[in-house]
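Student: Below you'll find the structure I mean.
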Amino acid sequence: MDGPKIIAGAITGLILAALGLVLFLPDQSPADGATANPEAESAEPTIRPTVPWITAGEVQFESTVLIPVEVVADDGVVVLDFDLATLAPREGTSEPFSDGPVIDAFPERWALSTVSGGGTVQSTDPGASSVRFNVRTGLMTEHIASIRLVGWRVAVPNHERIALDVVAAVSDNFAGGTEVAVAIILEQSNSTIVQLDVDQPHDQWNRIDFDAVDPGWRKAGRLDGGLQFIWDGLDAPPVLVLEQSSPTWVPVEGDLIVFQGADQ
Amino acid sequence: MSGPDFETLLRSPLDDEPESQGWGFAVLGLVAGGAGVIGLSLILGLWATPDETPVTTVADTAASAADLSREFRDSVPSGFSDIGNSIAMKPTARVAGDAGVVVSFATATTRDADPETTPVPLGGRWQLENTAGAVTSATRLVYDRLHTGVIGVEFAEDLSDGEILRMTERWDTDERTGSTDIPFTGTPFTTVDAVTIDLGDGIALRLIQIELGRHLGQIVWALSGTGEPTGIANFAIAMIDEQGATVGDYLSMPSSRDPTRSSGVIDLFWDRGFNAHPDEGRVVEITATVRLPAPEPVDVVFDLDNVPHG
């Protein structure tokens with residue numbers, strides 16, 4: 001008769017005690033750069049810049065300054081968050097629709113090495129603000145020997161041109177792989193509209209913008225994702241010359257330490 | 001009522017000895033369970049003080065990592081050369097151009113300068129010197145409209161071993177401004193005659209045609225006057241109503257960053273959406289800013305040995 005009550009009491013006691021431990025156990029999360037998961041370890045490897053130049057803990061490549069924000073190791077994944085700033089002068093270059101300074105070199109290739117001699121590499125796209133490494137489960141930040149930036153891409157001005165006959169189905173490619181094809185030609189009463197299909201490479205680094213060389217062509221978007229060039233008047237040129245208006249991103253090799261483990 | 005009935009009525013559950021004994025064991029079990037969990041947590045070291053929590057501290061090691069990766073105390077960024085006027089440059093890549101090879105340069109401010117307030121160098125002059133002393137001048141400069149911090153220097157022939165790349169001239173900015181008002185009759189608006197703005201020193205900016213629409217507009221411009229001037233033009237366009245108040249503005253951005261051009265076309269964008277209509281304006285207030293290249297002699301040699309091929 002008393003056995004079930006004793007067992008129920010003991011189970012309730014276990015539950016209440018465990019609940020008390022969870023509620024009143026001292027906070028074990030790091031003071032800065034903490035994550036919600038107490039199993040994750042984080043490290044803040046930098047000092048935020050107070051002047052617009054290079055500060056200790058930051059990494060410069062070309063005119064870009066990489067500012068490490070946080071390294072988190074959690075459940076088989078190491079994530080390095082970072083900000084990018086530029087040293088390029090920019091007085092008099094404000095753009096009406098710009099979100100901020102334009103970055104002329106972006107990080108691309110990374111290497112993580114562990115104190116046990118292991119390692120892994122990873123790549124990031126332009127505009128990325130973090131790099132994520134898949135590592136063995138249980139690996140913590142103290143097991144990381146270093147995270148290094150081993151490659152980046154730098155913007156190179158390029159005005160590559162292609163010439164398209166204004167004839168349906170004619171196509172050509174830019175060197176980076178962007179294919180442009182004349183889809184439809186619409187002869188209006190007082191204008192000519194050339195609709196283009198644009199096939200961009202999947203590689204983010206090789207996607208480009210382009211414009212018509214002749215300012216008489218007005219560029220506009222199409223609802224289906226292509227572009228159209230409009231010529232006002234009845235004297236549209238027979239050839240549409242297109243010029244790359246965005247830079248070519250050239251890969252550069254390097255070896256810069258972004259995060260170094262405490263024991264190094 | 002009989003005696004047993006009264007006993008039944010007055011009886012408390014606590015009077016039931018066997019039941020009371022059972023709940024006591026339950027409480028005992030509860031205490032024992034709690035003690036067990038706490039004891040186990042102590043054994044496993046879960047009940048640690050904050051000072052005992054393992055936290056990775058890396059601030060000092062980060063500084064040493066920076067020391068390893070670059071000389072951040074230098075007056076110019078790593079790999080850059082000082083070209084004066086708080087600007088440093090570095091050749092970053094060489095790529096095949098339309099007619100030869102383009103050496104691309106990155107620009108950066110020196111330690112003493114703020115990038116926000118340091119003017120972008122408009123360009124310069126470069127020359128290649130081969131081992132026999134022959135000199136080849138750059139044929140043109142290549143600019144990116146958005147990436148103003150990079151400049152391409154094109155040479156007619158590819159580079160050969162041992163050649164030196166020398167910068168002989170830096171183009172600072174000689175900024176000129178001028179303004180004019182023209183009457184406005186509503187969109188669509190197109191000027192018939194050119195409008196001239198005096199920029200001083202015998203240099204004139206001619207606005208060959210101004211087109212203003214409900215959302216978009218365009219200005220065709222040309223420089224003329226002393227010394228065949230070239231530069232980068234930009235405009236601020238304000239629509240002024242009958243009371244002299246600003247109805248709205250057309251925003252603009254240069255279509256080219258090339259300072260060697262004497263003419264160009266600039267697109268305009270009405271900035272007020274549907275909140276205000278440009279047709280409420282009676283006067284177009286045009287303020288022009290032209291950045292003319294101001295050459296300054298320099299002598300800076302750049303190392304091309306480690307410049308990657310694109």
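Every chain in the structure tokens takes a letter, A first, then B, and so on in the order presented; its residues are numbered from 1, and the ligands are numbered from 1 following the presented order.
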So that I can see what lies close to A:Glu160, please list as a PyMOL selection string the residues with an atom at most 12 Å from it, counting only C-alpha atoms and leaving out residues fewer than 6 positions away in the same chain.

Tutor: (chain A and resi 173-176+178+208-213+241-248) or (chain B and resi 95-99+102+142+144)

Student: Using N, CA and C atoms, can you export the residues from the last selection as a CSV table (one decimal), in the first residue's frame?

Tutor:
```
chain,number,residue,atom,x,y,z
A,173,ASN,N,28.4,35.6,-75.4
A,173,ASN,CA,28.8,35.4,-74.0
A,173,ASN,C,29.8,36.4,-73.6
A,174,PHE,N,29.7,36.9,-72.3
A,174,PHE,CA,30.8,37.6,-71.7
A,174,PHE,C,31.8,36.6,-71.2
A,175,ALA,N,33.0,37.0,-71.0
A,175,ALA,CA,34.1,36.1,-70.7
A,175,ALA,C,33.8,35.3,-69.4
A,176,GLY,N,33.1,35.9,-68.4
A,176,GLY,CA,32.8,35.3,-67.2
A,176,GLY,C,31.7,34.2,-67.3
A,178,THR,N,28.4,34.9,-68.6
A,178,THR,CA,27.1,35.4,-68.8
A,178,THR,C,26.7,35.4,-70.2
A,208,ILE,N,27.5,39.4,-63.6
A,208,ILE,CA,27.8,40.8,-64.0
A,208,ILE,C,26.6,41.6,-64.4
A,209,ASP,N,26.8,42.9,-64.4
A,209,ASP,CA,25.9,43.9,-65.0
A,209,ASP,C,26.4,44.4,-66.3
A,210,PHE,N,25.6,44.9,-67.1
A,210,PHE,CA,26.0,45.5,-68.4
A,210,PHE,C,25.0,46.5,-68.9
A,211,ASP,N,25.5,47.4,-69.7
A,211,ASP,CA,24.7,48.5,-70.3
A,211,ASP,C,24.9,48.5,-71.8
A,212,ALA,N,24.1,49.3,-72.5
A,212,ALA,CA,24.3,49.5,-73.9
A,212,ALA,C,25.4,50.6,-74.0
A,213,VAL,N,26.3,50.5,-74.9
A,213,VAL,CA,27.3,51.5,-75.1
A,213,VAL,C,26.7,52.8,-75.7
A,241,VAL,N,25.5,47.0,-79.0
A,241,VAL,CA,26.8,46.8,-78.3
A,241,VAL,C,26.6,46.9,-76.8
A,242,LEU,N,26.9,45.9,-76.1
A,242,LEU,CA,26.7,45.8,-74.6
A,242,LEU,C,28.1,45.9,-74.0
A,243,GLU,N,28.2,46.6,-72.9
A,243,GLU,CA,29.5,46.7,-72.2
A,243,GLU,C,29.3,46.3,-70.7
A,244,GLN,N,30.2,45.5,-70.2
A,244,GLN,CA,30.2,45.1,-68.8
A,244,GLN,C,30.3,46.4,-67.9
A,245,SER,N,29.4,46.6,-67.0
A,245,SER,CA,29.4,47.8,-66.1
A,245,SER,C,29.8,47.4,-64.7
A,246,SER,N,29.9,46.2,-64.4
A,246,SER,CA,30.4,45.8,-63.0
A,246,SER,C,31.8,45.2,-63.1
A,247,PRO,N,32.5,45.1,-62.0
A,247,PRO,CA,33.9,44.7,-62.1
A,247,PRO,C,34.0,43.2,-62.3
A,248,THR,N,35.2,42.8,-62.7
A,248,THR,CA,35.5,41.4,-62.7
A,248,THR,C,36.2,41.1,-61.4
B,95,VAL,N,45.0,41.9,-65.8
B,95,VAL,CA,44.1,41.2,-66.7
B,95,VAL,C,44.2,41.6,-68.1
B,96,ALA,N,43.8,40.8,-69.0
B,96,ALA,CA,43.7,41.1,-70.4
B,96,ALA,C,42.7,42.1,-70.7
B,97,GLY,N,43.0,43.2,-71.3
B,97,GLY,CA,42.1,44.3,-71.6
B,97,GLY,C,41.6,44.2,-73.1
B,98,ASP,N,40.8,45.2,-73.5
B,98,ASP,CA,40.4,45.2,-74.9
B,98,ASP,C,41.6,45.4,-75.9
B,99,ALA,N,42.6,46.1,-75.4
B,99,ALA,CA,43.7,46.3,-76.3
B,99,ALA,C,45.0,46.3,-75.5
B,102,VAL,N,45.6,45.2,-68.5
B,102,VAL,CA,45.2,46.2,-67.6
B,102,VAL,C,45.8,45.8,-66.2
B,142,VAL,N,41.0,52.8,-66.8
B,142,VAL,CA,39.7,52.1,-66.8
B,142,VAL,C,39.1,52.2,-65.4
B,144,ASP,N,35.5,51.8,-62.7
B,144,ASP,CA,34.3,51.2,-62.4
B,144,ASP,C,33.3,52.2,-61.8
```

Student: Identify all residues of stretch 137-199 of chain B in strand (DSSP E) (DSSP on the backbone) and supply them as a VMD selection string.

Tutor: chain B and resid 137 140 to 143 150 to 155 164 to 183 189 to 190 195 to 199

Student: Mind dumping the selected residues with C-alpha atoms as a PDB file, in the first residue's frame?

Tutor:
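Ended up saving to part27.pdb:
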```pdb
ATOM      1  CA  SER B 137      53.085  55.145 -71.383  1.00  0.00           C
ATOM      2  CA  ARG B 140      44.081  54.784 -70.969  1.00  0.00           C
ATOM      3  CA  LEU B 141      42.575  54.449 -67.511  1.00  0.00           C
ATOM      4  CA  VAL B 142      39.684  52.094 -66.780  1.00  0.00           C
ATOM      5  CA  TYR B 143      37.143  52.930 -64.073  1.00  0.00           C
ATOM      6  CA  VAL B 150      39.862  50.776 -57.915  1.00  0.00           C
ATOM      7  CA  ILE B 151      41.507  52.097 -61.089  1.00  0.00           C
ATOM      8  CA  GLY B 152      42.691  50.122 -64.095  1.00  0.00           C
ATOM      9  CA  VAL B 153      45.775  51.235 -66.022  1.00  0.00           C
ATOM     10  CA  GLU B 154      45.872  49.849 -69.553  1.00  0.00           C
ATOM     11  CA  PHE B 155      49.038  49.287 -71.597  1.00  0.00           C
ATOM     12  CA  ILE B 164      59.195  48.659 -63.707  1.00  0.00           C
ATOM     13  CA  LEU B 165      55.799  50.291 -63.316  1.00  0.00           C
ATOM     14  CA  ARG B 166      56.224  53.937 -62.375  1.00  0.00           C
ATOM     15  CA  MET B 167      53.538  56.475 -61.450  1.00  0.00           C
ATOM     16  CA  THR B 168      54.620  59.925 -62.597  1.00  0.00           C
ATOM     17  CA  GLU B 169      51.513  62.001 -61.977  1.00  0.00           C
ATOM     18  CA  ARG B 170      48.666  61.960 -59.449  1.00  0.00           C
ATOM     19  CA  TRP B 171      45.396  63.639 -60.335  1.00  0.00           C
ATOM     20  CA  ASP B 172      43.895  65.494 -57.415  1.00  0.00           C
ATOM     21  CA  THR B 173      40.446  67.045 -57.546  1.00  0.00           C
ATOM     22  CA  ASP B 174      39.797  70.612 -58.641  1.00  0.00           C
ATOM     23  CA  GLU B 175      36.118  70.869 -57.747  1.00  0.00           C
ATOM     24  CA  ARG B 176      34.086  73.565 -59.450  1.00  0.00           C
ATOM     25  CA  THR B 177      30.454  74.359 -58.800  1.00  0.00           C
ATOM     26  CA  GLY B 178      27.925  76.539 -60.527  1.00  0.00           C
ATOM     27  CA  SER B 179      24.180  76.922 -60.677  1.00  0.00           C
ATOM     28  CA  THR B 180      21.383  78.222 -62.828  1.00  0.00           C
ATOM     29  CA  ASP B 181      17.600  78.482 -62.693  1.00  0.00           C
ATOM     30  CA  ILE B 182      15.329  77.796 -65.622  1.00  0.00           C
ATOM     31  CA  PRO B 183      11.541  78.209 -65.804  1.00  0.00           C
ATOM     32  CA  PHE B 189       9.911  68.816 -69.976  1.00  0.00           C
ATOM     33  CA  THR B 190      12.684  69.153 -72.568  1.00  0.00           C
ATOM     34  CA  VAL B 195      22.129  76.257 -70.885  1.00  0.00           C
ATOM     35  CA  THR B 196      25.639  77.376 -69.946  1.00  0.00           C
ATOM     36  CA  ILE B 197      27.094  77.447 -66.417  1.00  0.00           C
ATOM     37  CA  ASP B 198      30.337  79.352 -65.842  1.00  0.00           C
ATOM     38  CA  LEU B 199      32.845  77.307 -63.788  1.00  0.00           C
TER      39      LEU B 199
END
```

Student: If I take atom CA of A:Ala128 and atom CA of B:Thr92, how far is one from the other in Å, to one decimal?

Tutor: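 If I compute the distance from atom CA of A:Ala128 to atom CA of B:Thr92, I get 21.4 Å.
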
Student: Compile the contact shell of stretch 136-143 of chain A as number ranges by chain: residues with an atom at most 6 Å away, counting only C-alpha atoms, same-chain residues fewer than 6 positions apart removed.

Tutor: A: 73, 75-76, 114-115

Student: Between atom CA of B:Ile208 and atom CA of A:Val166, what is the distance in Å, rounded to a tenth?

Tutor: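 So the answer is 29.4 Å.
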
Student: What is the atom CA of B:Ile266 to atom CA of B:Gly124 distance in Å?

Tutor: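 Going from atom CA of B:Ile266 over to atom CA of B:Gly124, I get 24.1 Å.
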